[in-house]
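Peer 1: The following file, coords_21.txt, comprises compact mmCIF, N, CA and C atoms:
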# COMPACT_ATOMS: atom_id res chain seq x y z
N MET A 123 10.86 -3.01 42.20
CA MET A 123 10.62 -3.85 41.03
C MET A 123 9.27 -3.52 40.41
N LEU A 124 9.24 -3.63 39.11
CA LEU A 124 7.98 -3.49 38.39
C LEU A 124 7.28 -4.84 38.32
N THR A 125 5.97 -4.84 38.31
CA THR A 125 5.25 -6.07 38.01
C THR A 125 5.34 -6.29 36.51
N GLN A 126 5.06 -7.50 36.07
CA GLN A 126 5.12 -7.77 34.63
C GLN A 126 4.09 -6.93 33.88
N SER A 127 2.91 -6.77 34.45
CA SER A 127 1.88 -5.98 33.76
C SER A 127 2.28 -4.51 33.68
N GLU A 128 2.95 -3.98 34.71
CA GLU A 128 3.44 -2.60 34.64
C GLU A 128 4.50 -2.45 33.55
N ALA A 129 5.44 -3.39 33.52
CA ALA A 129 6.51 -3.34 32.51
C ALA A 129 5.93 -3.45 31.10
N ASP A 130 4.99 -4.36 30.92
CA ASP A 130 4.36 -4.53 29.60
C ASP A 130 3.62 -3.26 29.18
N ALA A 131 2.93 -2.64 30.13
CA ALA A 131 2.19 -1.41 29.82
C ALA A 131 3.16 -0.27 29.48
N LEU A 132 4.26 -0.16 30.20
CA LEU A 132 5.25 0.88 29.91
C LEU A 132 5.90 0.66 28.55
N LEU A 133 6.21 -0.58 28.23
CA LEU A 133 6.81 -0.88 26.93
C LEU A 133 5.82 -0.56 25.80
N ALA A 134 4.54 -0.80 26.04
CA ALA A 134 3.52 -0.58 25.02
C ALA A 134 3.18 0.90 24.80
N LEU A 135 3.48 1.76 25.78
CA LEU A 135 3.18 3.18 25.62
C LEU A 135 3.93 3.78 24.44
N GLN A 136 3.24 4.61 23.68
CA GLN A 136 3.89 5.33 22.59
C GLN A 136 4.82 6.38 23.18
N LYS A 137 6.06 6.41 22.69
CA LYS A 137 7.07 7.32 23.21
C LYS A 137 7.59 8.20 22.09
N GLN A 138 7.93 9.43 22.45
CA GLN A 138 8.53 10.33 21.47
C GLN A 138 9.72 11.04 22.10
N PHE A 139 10.63 11.52 21.26
CA PHE A 139 11.80 12.24 21.74
C PHE A 139 11.38 13.59 22.30
N VAL A 140 12.02 13.99 23.39
CA VAL A 140 11.79 15.32 23.94
C VAL A 140 12.45 16.35 23.02
N ASN A 141 13.67 16.07 22.58
CA ASN A 141 14.39 16.92 21.63
C ASN A 141 14.53 16.15 20.33
N THR A 142 14.50 16.84 19.23
CA THR A 142 14.59 16.15 17.93
C THR A 142 15.92 16.42 17.25
N LYS A 143 17.00 16.33 18.01
CA LYS A 143 18.30 16.52 17.40
C LYS A 143 18.64 15.29 16.54
N VAL A 144 19.58 15.47 15.65
CA VAL A 144 20.00 14.39 14.76
C VAL A 144 20.69 13.30 15.57
N LEU A 145 20.34 12.06 15.29
CA LEU A 145 21.02 10.93 15.89
C LEU A 145 22.12 10.49 14.93
N ASN A 146 23.35 10.75 15.26
CA ASN A 146 24.47 10.35 14.41
C ASN A 146 24.98 8.99 14.86
N LEU A 147 24.84 8.02 13.99
CA LEU A 147 25.22 6.65 14.31
C LEU A 147 26.42 6.23 13.47
N GLY A 148 27.38 7.09 13.34
CA GLY A 148 28.54 6.85 12.49
C GLY A 148 29.51 5.85 13.07
N ARG A 149 30.63 5.71 12.41
CA ARG A 149 31.66 4.75 12.78
C ARG A 149 32.57 5.31 13.87
N VAL A 150 31.96 5.70 14.98
CA VAL A 150 32.71 6.23 16.13
C VAL A 150 32.11 5.64 17.40
N ALA A 151 32.88 5.71 18.48
CA ALA A 151 32.37 5.27 19.77
C ALA A 151 31.23 6.20 20.19
N LEU A 152 30.22 5.64 20.83
CA LEU A 152 29.06 6.42 21.28
C LEU A 152 28.70 6.04 22.70
N ASP A 153 28.23 7.01 23.44
CA ASP A 153 27.64 6.76 24.75
C ASP A 153 26.70 7.92 25.03
N GLU A 154 25.46 7.78 24.56
CA GLU A 154 24.48 8.86 24.64
C GLU A 154 23.20 8.38 25.30
N THR A 155 22.53 9.31 25.95
CA THR A 155 21.21 9.04 26.50
C THR A 155 20.27 10.12 26.00
N HIS A 156 19.12 9.70 25.49
CA HIS A 156 18.12 10.62 24.94
C HIS A 156 16.84 10.52 25.76
N ASP A 157 16.28 11.68 26.08
CA ASP A 157 15.04 11.73 26.84
C ASP A 157 13.85 11.45 25.92
N LEU A 158 12.95 10.60 26.43
CA LEU A 158 11.71 10.29 25.73
C LEU A 158 10.56 10.59 26.69
N ILE A 159 9.38 10.79 26.12
CA ILE A 159 8.20 11.04 26.94
C ILE A 159 6.99 10.36 26.27
N SER A 160 6.06 9.89 27.10
CA SER A 160 4.84 9.31 26.54
C SER A 160 4.01 10.43 25.91
N LEU A 161 3.14 10.07 25.00
CA LEU A 161 2.35 11.08 24.29
C LEU A 161 1.47 11.89 25.24
N ASP A 162 1.03 11.28 26.33
CA ASP A 162 0.21 12.02 27.29
C ASP A 162 1.05 12.82 28.29
N GLY A 163 2.38 12.69 28.21
CA GLY A 163 3.28 13.45 29.07
C GLY A 163 3.39 12.93 30.49
N ARG A 164 2.80 11.79 30.79
CA ARG A 164 2.77 11.31 32.17
C ARG A 164 3.97 10.43 32.54
N GLU A 165 4.60 9.81 31.55
CA GLU A 165 5.73 8.92 31.83
C GLU A 165 6.96 9.39 31.06
N LYS A 166 8.10 9.35 31.73
CA LYS A 166 9.38 9.68 31.10
C LYS A 166 10.17 8.41 30.89
N PHE A 167 10.93 8.38 29.80
CA PHE A 167 11.74 7.22 29.45
C PHE A 167 13.10 7.70 28.99
N LEU A 168 14.03 6.77 28.86
CA LEU A 168 15.36 7.06 28.35
C LEU A 168 15.71 6.06 27.27
N LEU A 169 16.38 6.54 26.24
CA LEU A 169 16.95 5.68 25.20
C LEU A 169 18.46 5.85 25.27
N ASP A 170 19.15 4.78 25.62
CA ASP A 170 20.61 4.78 25.67
C ASP A 170 21.14 4.18 24.38
N ILE A 171 22.15 4.82 23.83
CA ILE A 171 22.84 4.33 22.64
C ILE A 171 24.32 4.22 22.99
N TRP A 172 24.87 3.02 22.87
CA TRP A 172 26.27 2.79 23.20
C TRP A 172 26.93 2.02 22.08
N ARG A 173 28.15 2.42 21.75
CA ARG A 173 28.95 1.70 20.77
C ARG A 173 30.38 1.67 21.26
N GLY A 174 30.99 0.49 21.19
CA GLY A 174 32.36 0.33 21.64
C GLY A 174 33.35 1.13 20.83
N GLY A 175 34.45 1.52 21.44
CA GLY A 175 35.47 2.28 20.75
C GLY A 175 36.47 1.43 20.02
N ILE A 176 36.73 0.24 20.52
CA ILE A 176 37.71 -0.65 19.89
C ILE A 176 37.02 -1.54 18.86
N ASN A 177 35.94 -2.17 19.26
CA ASN A 177 35.17 -3.05 18.37
C ASN A 177 33.90 -2.29 17.95
N LEU A 178 33.94 -1.64 16.80
CA LEU A 178 32.81 -0.82 16.36
C LEU A 178 31.58 -1.64 15.96
N SER A 179 31.75 -2.95 15.82
CA SER A 179 30.58 -3.78 15.49
C SER A 179 29.81 -4.18 16.76
N LYS A 180 30.28 -3.74 17.92
CA LYS A 180 29.61 -4.02 19.18
C LYS A 180 28.86 -2.77 19.61
N TYR A 181 27.53 -2.91 19.73
CA TYR A 181 26.73 -1.77 20.17
C TYR A 181 25.48 -2.25 20.90
N ARG A 182 24.82 -1.26 21.55
CA ARG A 182 23.67 -1.61 22.39
C ARG A 182 22.66 -0.46 22.38
N TYR A 183 21.38 -0.83 22.35
CA TYR A 183 20.28 0.12 22.56
C TYR A 183 19.53 -0.33 23.80
N ASN A 184 19.15 0.63 24.61
CA ASN A 184 18.51 0.36 25.89
C ASN A 184 17.30 1.28 26.03
N ASN A 185 16.14 0.76 26.37
CA ASN A 185 14.98 1.59 26.67
C ASN A 185 14.66 1.42 28.15
N ARG A 186 14.79 2.54 28.90
CA ARG A 186 14.56 2.50 30.35
C ARG A 186 13.33 3.31 30.72
N ALA A 187 12.67 2.85 31.77
CA ALA A 187 11.53 3.56 32.35
C ALA A 187 11.89 3.92 33.78
N ARG A 188 11.38 5.05 34.23
CA ARG A 188 11.58 5.48 35.61
C ARG A 188 13.06 5.42 36.01
N VAL A 189 13.89 5.77 35.08
CA VAL A 189 15.34 5.89 35.18
C VAL A 189 16.05 4.55 35.31
N ILE A 190 15.59 3.65 36.16
CA ILE A 190 16.37 2.46 36.49
C ILE A 190 15.88 1.15 35.89
N TYR A 191 14.67 1.12 35.36
CA TYR A 191 14.11 -0.15 34.88
C TYR A 191 14.35 -0.33 33.39
N ILE A 192 15.14 -1.33 33.04
CA ILE A 192 15.39 -1.63 31.64
C ILE A 192 14.20 -2.43 31.12
N LEU A 193 13.44 -1.82 30.21
CA LEU A 193 12.29 -2.51 29.62
C LEU A 193 12.75 -3.43 28.50
N ALA A 194 13.70 -2.95 27.71
CA ALA A 194 14.22 -3.73 26.60
C ALA A 194 15.64 -3.26 26.29
N ARG A 195 16.47 -4.20 25.89
CA ARG A 195 17.85 -3.88 25.51
C ARG A 195 18.26 -4.82 24.39
N VAL A 196 18.86 -4.28 23.36
CA VAL A 196 19.39 -5.12 22.29
C VAL A 196 20.91 -5.00 22.33
N ASP A 197 21.57 -6.14 22.32
CA ASP A 197 23.03 -6.23 22.34
C ASP A 197 23.49 -6.83 21.02
N ILE A 198 24.32 -6.11 20.30
CA ILE A 198 24.82 -6.57 19.01
C ILE A 198 26.33 -6.72 19.09
N GLY A 199 26.83 -7.86 18.61
CA GLY A 199 28.26 -8.07 18.48
C GLY A 199 29.01 -8.41 19.76
N GLY A 200 28.31 -8.61 20.84
CA GLY A 200 28.96 -8.95 22.10
C GLY A 200 29.03 -10.45 22.29
N PRO A 201 29.36 -10.88 23.50
CA PRO A 201 29.45 -12.32 23.77
C PRO A 201 28.06 -12.94 23.88
N PRO A 202 27.98 -14.26 23.78
CA PRO A 202 26.70 -14.94 24.05
C PRO A 202 26.25 -14.66 25.48
N HIS A 203 24.97 -14.88 25.73
CA HIS A 203 24.39 -14.63 27.05
C HIS A 203 23.86 -15.94 27.63
N ARG A 204 24.15 -16.18 28.91
CA ARG A 204 23.61 -17.35 29.61
C ARG A 204 22.41 -16.89 30.43
N ASN A 205 21.24 -17.45 30.13
CA ASN A 205 20.02 -17.14 30.86
C ASN A 205 20.04 -17.82 32.23
N PRO A 206 19.18 -17.36 33.15
CA PRO A 206 19.14 -17.98 34.49
C PRO A 206 18.89 -19.49 34.47
N ASP A 207 18.27 -20.00 33.41
CA ASP A 207 18.03 -21.45 33.33
C ASP A 207 19.20 -22.21 32.70
N GLY A 208 20.29 -21.49 32.39
CA GLY A 208 21.48 -22.14 31.81
C GLY A 208 21.53 -22.15 30.30
N ILE A 209 20.43 -21.83 29.63
CA ILE A 209 20.40 -21.80 28.16
C ILE A 209 21.25 -20.64 27.67
N ILE A 210 22.08 -20.90 26.66
CA ILE A 210 22.95 -19.87 26.10
C ILE A 210 22.32 -19.31 24.83
N ILE A 211 22.23 -18.00 24.78
CA ILE A 211 21.66 -17.29 23.63
C ILE A 211 22.83 -16.70 22.84
N PRO A 212 22.80 -16.80 21.51
CA PRO A 212 23.93 -16.33 20.69
C PRO A 212 24.26 -14.85 20.89
N SER A 213 25.38 -14.48 20.33
CA SER A 213 25.97 -13.15 20.46
C SER A 213 24.99 -12.00 20.37
N SER A 214 24.36 -11.79 19.26
CA SER A 214 23.40 -10.70 19.11
C SER A 214 22.04 -11.17 19.60
N HIS A 215 21.46 -10.43 20.57
CA HIS A 215 20.23 -10.87 21.21
C HIS A 215 19.50 -9.68 21.82
N ILE A 216 18.32 -9.96 22.34
CA ILE A 216 17.52 -8.90 22.98
C ILE A 216 17.14 -9.35 24.39
N HIS A 217 17.13 -8.39 25.30
CA HIS A 217 16.66 -8.61 26.67
C HIS A 217 15.32 -7.89 26.82
N ILE A 218 14.36 -8.56 27.39
CA ILE A 218 13.05 -7.99 27.66
C ILE A 218 12.79 -8.15 29.16
N TYR A 219 12.27 -7.09 29.79
CA TYR A 219 12.00 -7.12 31.22
C TYR A 219 11.15 -8.34 31.57
N ARG A 220 11.54 -9.00 32.64
CA ARG A 220 10.80 -10.15 33.15
C ARG A 220 10.71 -10.02 34.66
N GLU A 221 9.50 -10.01 35.17
CA GLU A 221 9.29 -9.80 36.61
C GLU A 221 10.12 -10.79 37.43
N GLY A 222 10.80 -10.27 38.43
CA GLY A 222 11.64 -11.08 39.29
C GLY A 222 13.05 -11.26 38.77
N TYR A 223 13.28 -10.94 37.50
CA TYR A 223 14.60 -11.11 36.89
C TYR A 223 15.11 -9.84 36.22
N ALA A 224 14.28 -8.82 36.14
CA ALA A 224 14.63 -7.57 35.44
C ALA A 224 15.05 -7.89 34.01
N ASP A 225 16.29 -7.56 33.63
CA ASP A 225 16.72 -7.78 32.24
C ASP A 225 17.68 -8.97 32.12
N LYS A 226 17.58 -9.93 33.01
CA LYS A 226 18.51 -11.06 33.02
C LYS A 226 18.24 -12.13 31.96
N TRP A 227 17.06 -12.08 31.33
CA TRP A 227 16.72 -13.06 30.29
C TRP A 227 16.96 -12.46 28.91
N ALA A 228 17.59 -13.22 28.04
CA ALA A 228 17.83 -12.79 26.66
C ALA A 228 17.11 -13.75 25.71
N TYR A 229 16.84 -13.24 24.51
CA TYR A 229 16.13 -14.01 23.49
C TYR A 229 16.78 -13.73 22.13
N PRO A 230 16.69 -14.68 21.20
CA PRO A 230 17.22 -14.41 19.86
C PRO A 230 16.47 -13.24 19.23
N LEU A 231 17.17 -12.44 18.45
CA LEU A 231 16.54 -11.30 17.78
C LEU A 231 15.37 -11.72 16.90
N SER A 232 15.50 -12.88 16.27
CA SER A 232 14.45 -13.34 15.36
C SER A 232 13.13 -13.60 16.08
N ASP A 233 13.18 -13.89 17.39
CA ASP A 233 11.96 -14.10 18.17
C ASP A 233 11.12 -12.83 18.25
N TYR A 234 11.74 -11.69 18.03
CA TYR A 234 11.06 -10.40 18.14
C TYR A 234 11.00 -9.66 16.81
N GLY A 235 11.17 -10.39 15.70
CA GLY A 235 10.96 -9.82 14.38
C GLY A 235 12.04 -8.89 13.89
N PHE A 236 13.23 -8.97 14.46
CA PHE A 236 14.31 -8.10 14.01
C PHE A 236 14.86 -8.58 12.68
N SER A 237 15.22 -7.61 11.84
CA SER A 237 15.96 -7.91 10.63
C SER A 237 17.34 -8.38 11.06
N ALA A 238 18.10 -8.88 10.12
CA ALA A 238 19.49 -9.24 10.44
C ALA A 238 20.21 -7.99 10.91
N PRO A 239 21.04 -8.10 11.95
CA PRO A 239 21.72 -6.91 12.47
C PRO A 239 22.81 -6.41 11.53
N VAL A 240 22.39 -5.85 10.40
CA VAL A 240 23.31 -5.40 9.37
C VAL A 240 23.95 -4.08 9.74
N ASP A 241 23.17 -3.14 10.19
CA ASP A 241 23.72 -1.83 10.54
C ASP A 241 22.93 -1.23 11.69
N MET A 242 23.50 -0.20 12.29
CA MET A 242 22.90 0.41 13.48
C MET A 242 21.55 1.05 13.19
N VAL A 243 21.37 1.61 12.01
CA VAL A 243 20.11 2.28 11.69
C VAL A 243 18.98 1.26 11.59
N THR A 244 19.22 0.15 10.90
CA THR A 244 18.20 -0.88 10.77
C THR A 244 17.81 -1.45 12.13
N VAL A 245 18.80 -1.74 12.95
CA VAL A 245 18.52 -2.29 14.28
C VAL A 245 17.78 -1.26 15.14
N LEU A 246 18.18 0.01 15.04
CA LEU A 246 17.48 1.04 15.82
C LEU A 246 16.02 1.15 15.37
N ARG A 247 15.77 1.09 14.09
CA ARG A 247 14.38 1.14 13.61
C ARG A 247 13.57 -0.04 14.15
N ASP A 248 14.15 -1.24 14.11
CA ASP A 248 13.48 -2.42 14.66
C ASP A 248 13.24 -2.27 16.16
N PHE A 249 14.26 -1.79 16.88
CA PHE A 249 14.16 -1.61 18.33
C PHE A 249 13.12 -0.55 18.67
N ALA A 250 13.12 0.54 17.92
CA ALA A 250 12.13 1.60 18.16
C ALA A 250 10.72 1.07 17.94
N GLY A 251 10.54 0.22 16.94
CA GLY A 251 9.23 -0.38 16.70
C GLY A 251 8.79 -1.25 17.87
N LEU A 252 9.70 -2.06 18.39
CA LEU A 252 9.39 -2.93 19.52
C LEU A 252 9.03 -2.11 20.75
N CYS A 253 9.74 -1.01 20.97
CA CYS A 253 9.54 -0.18 22.17
C CYS A 253 8.52 0.93 21.97
N ASN A 254 7.92 1.01 20.79
CA ASN A 254 6.94 2.05 20.48
C ASN A 254 7.52 3.45 20.61
N ILE A 255 8.73 3.61 20.09
CA ILE A 255 9.40 4.91 20.07
C ILE A 255 9.23 5.49 18.67
N THR A 256 8.68 6.68 18.60
CA THR A 256 8.57 7.37 17.32
C THR A 256 9.90 8.06 17.05
N LEU A 257 10.59 7.61 16.02
CA LEU A 257 11.86 8.22 15.66
C LEU A 257 11.61 9.52 14.92
N PRO A 258 12.41 10.54 15.18
CA PRO A 258 12.23 11.80 14.45
C PRO A 258 12.43 11.55 12.95
N PRO A 259 11.56 12.09 12.09
CA PRO A 259 11.72 11.84 10.65
C PRO A 259 13.03 12.44 10.14
N CYS A 260 13.71 11.67 9.28
CA CYS A 260 14.94 12.11 8.61
C CYS A 260 16.01 12.55 9.59
N GLN A 261 16.06 11.98 10.76
CA GLN A 261 17.04 12.40 11.75
C GLN A 261 18.13 11.36 12.01
N LEU A 262 18.10 10.24 11.36
CA LEU A 262 19.12 9.23 11.58
C LEU A 262 20.21 9.38 10.53
N ARG A 263 21.45 9.40 10.97
CA ARG A 263 22.56 9.48 10.05
C ARG A 263 23.55 8.38 10.35
N ALA A 264 23.83 7.58 9.37
CA ALA A 264 24.88 6.58 9.49
C ALA A 264 25.94 6.94 8.46
N TYR A 265 27.13 7.07 8.90
CA TYR A 265 28.22 7.44 7.98
C TYR A 265 29.44 6.63 8.26
If you took the structure in this file and wrote it as structure tokens, what would it be?
Peer 2:
Amino acid sequence: MLTQSEADALLALQKQFVNTKVLNLGRVALDETHDLISLDGREKFLLDIWRGGINLSKYRYNNRARVIYILARVDIGGPPHRNPDGIIIPSSHIHIYREGYADKWAYPLSDYGFSAPVDMVTVLRDFAGLCNITLPPCQLRAY
């Protein structure tokens, strides 16, 4: 397990893509993982992009550290989430690492400054900002 201060520090690190291939976020099912690295090259991260094949309005972005630790995850179009305290968070929400609970706590997107989840590109830009991921310029395609 990460301590909260470790998780916060990892989330705050500036991250960039190892490869700058085009991210195609079209109207198709997706299940991709992209390698990220901190600017100093000392920490490696992963960005997972998933989109359902049957319900195309359901998708997820995941930022992981040290392969297994989910620092942040945004879930769009899925079911509501029940937090460990019993509070139910609406369908589209964000999970932020919490010591002792990993990614079990969810929060409304508006708590983290997200625009309305209109499209995958907008949500990815908001998520990248939260996770300090530098997106490759002109590399996002939504079709």
Peer 1: So the first atom is atom CA of Arg188 of chain A and the second is atom CA of Thr244 of chain A; what is the distance between them in Å, to one decimal place?
Peer 2: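 We find that atom CA of Arg188 of chain A and atom CA of Thr244 of chain A lie 26.5 Å from each other.
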Peer 1: Can you list every residue in chain A that DSSP puts in helix (DSSP H, G or I), as a list of chain:residue names?
Peer 2: A:Gln126, A:Ser127, A:Glu128, A:Ala129, A:Asp130, A:Ala131, A:Leu132, A:Leu133, A:Ala134, A:Leu231, A:Ser232, A:Asp233, A:Tyr234, A:Met242, A:Val243, A:Thr244, A:Val245, A:Leu246, A:Arg247, A:Asp248, A:Phe249, A:Ala250, A:Gly251, A:Leu252, A:Cys253
Peer 1: For Ser213 of chain A, work out the shell of residues within 7 Å, counting all atoms listed in the file and skipping chain neighbours fewer than 4 positions away, then give it as a PyMOL selection string.
Peer 2: chain A and resi 197-203
Peer 1: Can you list, as a VMD selection string, every protein, DNA or RNA residue that comes within 10 Å of segment 164-180 of chain A when you count only C-alpha atoms, leaving out same-chain residues fewer than 6 positions away?
Peer 2: chain A and resid 132 to 133 135 137 to 140 145 147 to 158 186 to 195 197 to 201 213 to 214 239 to 242 246 250 253 255
Peer 1: Of the residues A:Val243, A:Ala129, A:Leu161, A:Ile211, which is the one nearest to Ala228 of chain A, using only N, CA and C atoms?
Peer 2: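 Selected residue with least distance to Ala228 of chain A: A:Ile211.
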Peer 1: If I put a ball of radius 7 Å at (8.2, -8.4, 21.1) in the file's coordinates, which residues poke into it when counting only N, CA and C atoms, written as a ChimeraX atom specification?
Peer 2: /A:233-235,252
Peer 1: With only N, CA and C atoms as the atoms that count, which of A:Ser160, A:Gln126, A:Thr142, A:Asn185 lies nearest to Pro258 of chain A?
Peer 2: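 For Pro258 of chain A, the nearest of the candidates is A:Thr142.
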Peer 1: Centre and edge lengths, as JSON, for the axis-aligned box enclosing every listed atom of segment 222-226 of chain A with 5 Å of padding on each of the six sides, in Å to one decimal?
Peer 2:
{"center_x": 14.7, "center_y": -9.8, "center_z": 35.6, "size_x": 17.7, "size_y": 14.6, "size_z": 17.3}
Peer 1: Using only C-alpha atoms, which residue out of A:Gln136, A:Thr125, A:Ile159, A:Leu231 lies closest to Phe249 of chain A?
Peer 2: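 When distances to Phe249 of chain A are compared using only C-alpha atoms, the smallest one comes from A:Leu231.
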Peer 1: Return the single residue from A:Leu257, A:Pro206, A:Arg247, A:Asn146 that is closest to Gly222 of chain A, with distances computed using only C-alpha atoms.
Peer 2: A:Pro206
Peer 1: For a cutoff of 5 Å around the file-coordinate point (15.6, -5.9, 14.1), which residues qualify once you count all atoms listed in the file? I'd like the result as number ranges by chain.
Peer 2: A: 235-237, 245, 248
Peer 1: Just to confirm, what's the straight-line distance from atom N of His215 of chain A to atom N of Ser232 of chain A in Å (one decimal)?
Peer 2: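 Taking atom N of His215 of chain A as the start and atom N of Ser232 of chain A as the end point, the length is 7.7 Å.
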Peer 1: Taking the DSSP secondary structure from the backbone, can you list the residues of segment 137-184 of chain A that are strand (DSSP E or B), as a PyMOL selection string?
Peer 2: chain A and resi 137-139+145-146+152-160+166-173+181-184
Peer 1: Please compute the atom C of Tyr223 of chain A-atom N of Asn141 of chain A distance, one decimal, in Å.
Peer 2: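 Straight-line distance from atom C of Tyr223 of chain A to atom N of Asn141 of chain A works out to 29.3 Å.
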Peer 1: So, counting only C-alpha atoms, which residue among A:Lys226, A:Gly163, A:Leu124, A:Thr256 is closest to Asp207 of chain A?
Peer 2: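 Looking at the shortest contact to Asp207 of chain A, the residue is A:Lys226.
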Peer 1: Go through A:Ile209, A:Ala134, A:Met123, A:Ala238 and flag the residue nearest Glu221 of chain A, using only N, CA and C atoms for the distances.
Peer 2: A:Met123
Peer 1: Output segment 167-179 of chain A from the block with C-alpha atoms, as a PDB file, in the first residue's frame?
Peer 2:
ATOM      1  CA  PHE A 167       3.042   5.363 -14.835  1.00  0.00           C
ATOM      2  CA  LEU A 168       0.273   3.876 -16.949  1.00  0.00           C
ATOM      3  CA  LEU A 169      -2.769   5.479 -18.548  1.00  0.00           C
ATOM      4  CA  ASP A 170      -5.547   2.984 -19.252  1.00  0.00           C
ATOM      5  CA  ILE A 171      -8.304   3.881 -21.696  1.00  0.00           C
ATOM      6  CA  TRP A 172     -11.345   1.606 -21.813  1.00  0.00           C
ATOM      7  CA  ARG A 173     -14.631   1.914 -23.662  1.00  0.00           C
ATOM      8  CA  GLY A 174     -17.438  -0.620 -23.702  1.00  0.00           C
ATOM      9  CA  GLY A 175     -18.340  -2.383 -26.922  1.00  0.00           C
ATOM     10  CA  ILE A 176     -22.093  -2.546 -26.396  1.00  0.00           C
ATOM     11  CA  ASN A 177     -22.677   0.729 -24.543  1.00  0.00           C
ATOM     12  CA  LEU A 178     -20.328   3.233 -26.211  1.00  0.00           C
ATOM     13  CA  SER A 179     -21.282   5.943 -23.721  1.00  0.00           C
TER      14      SER A 179
END
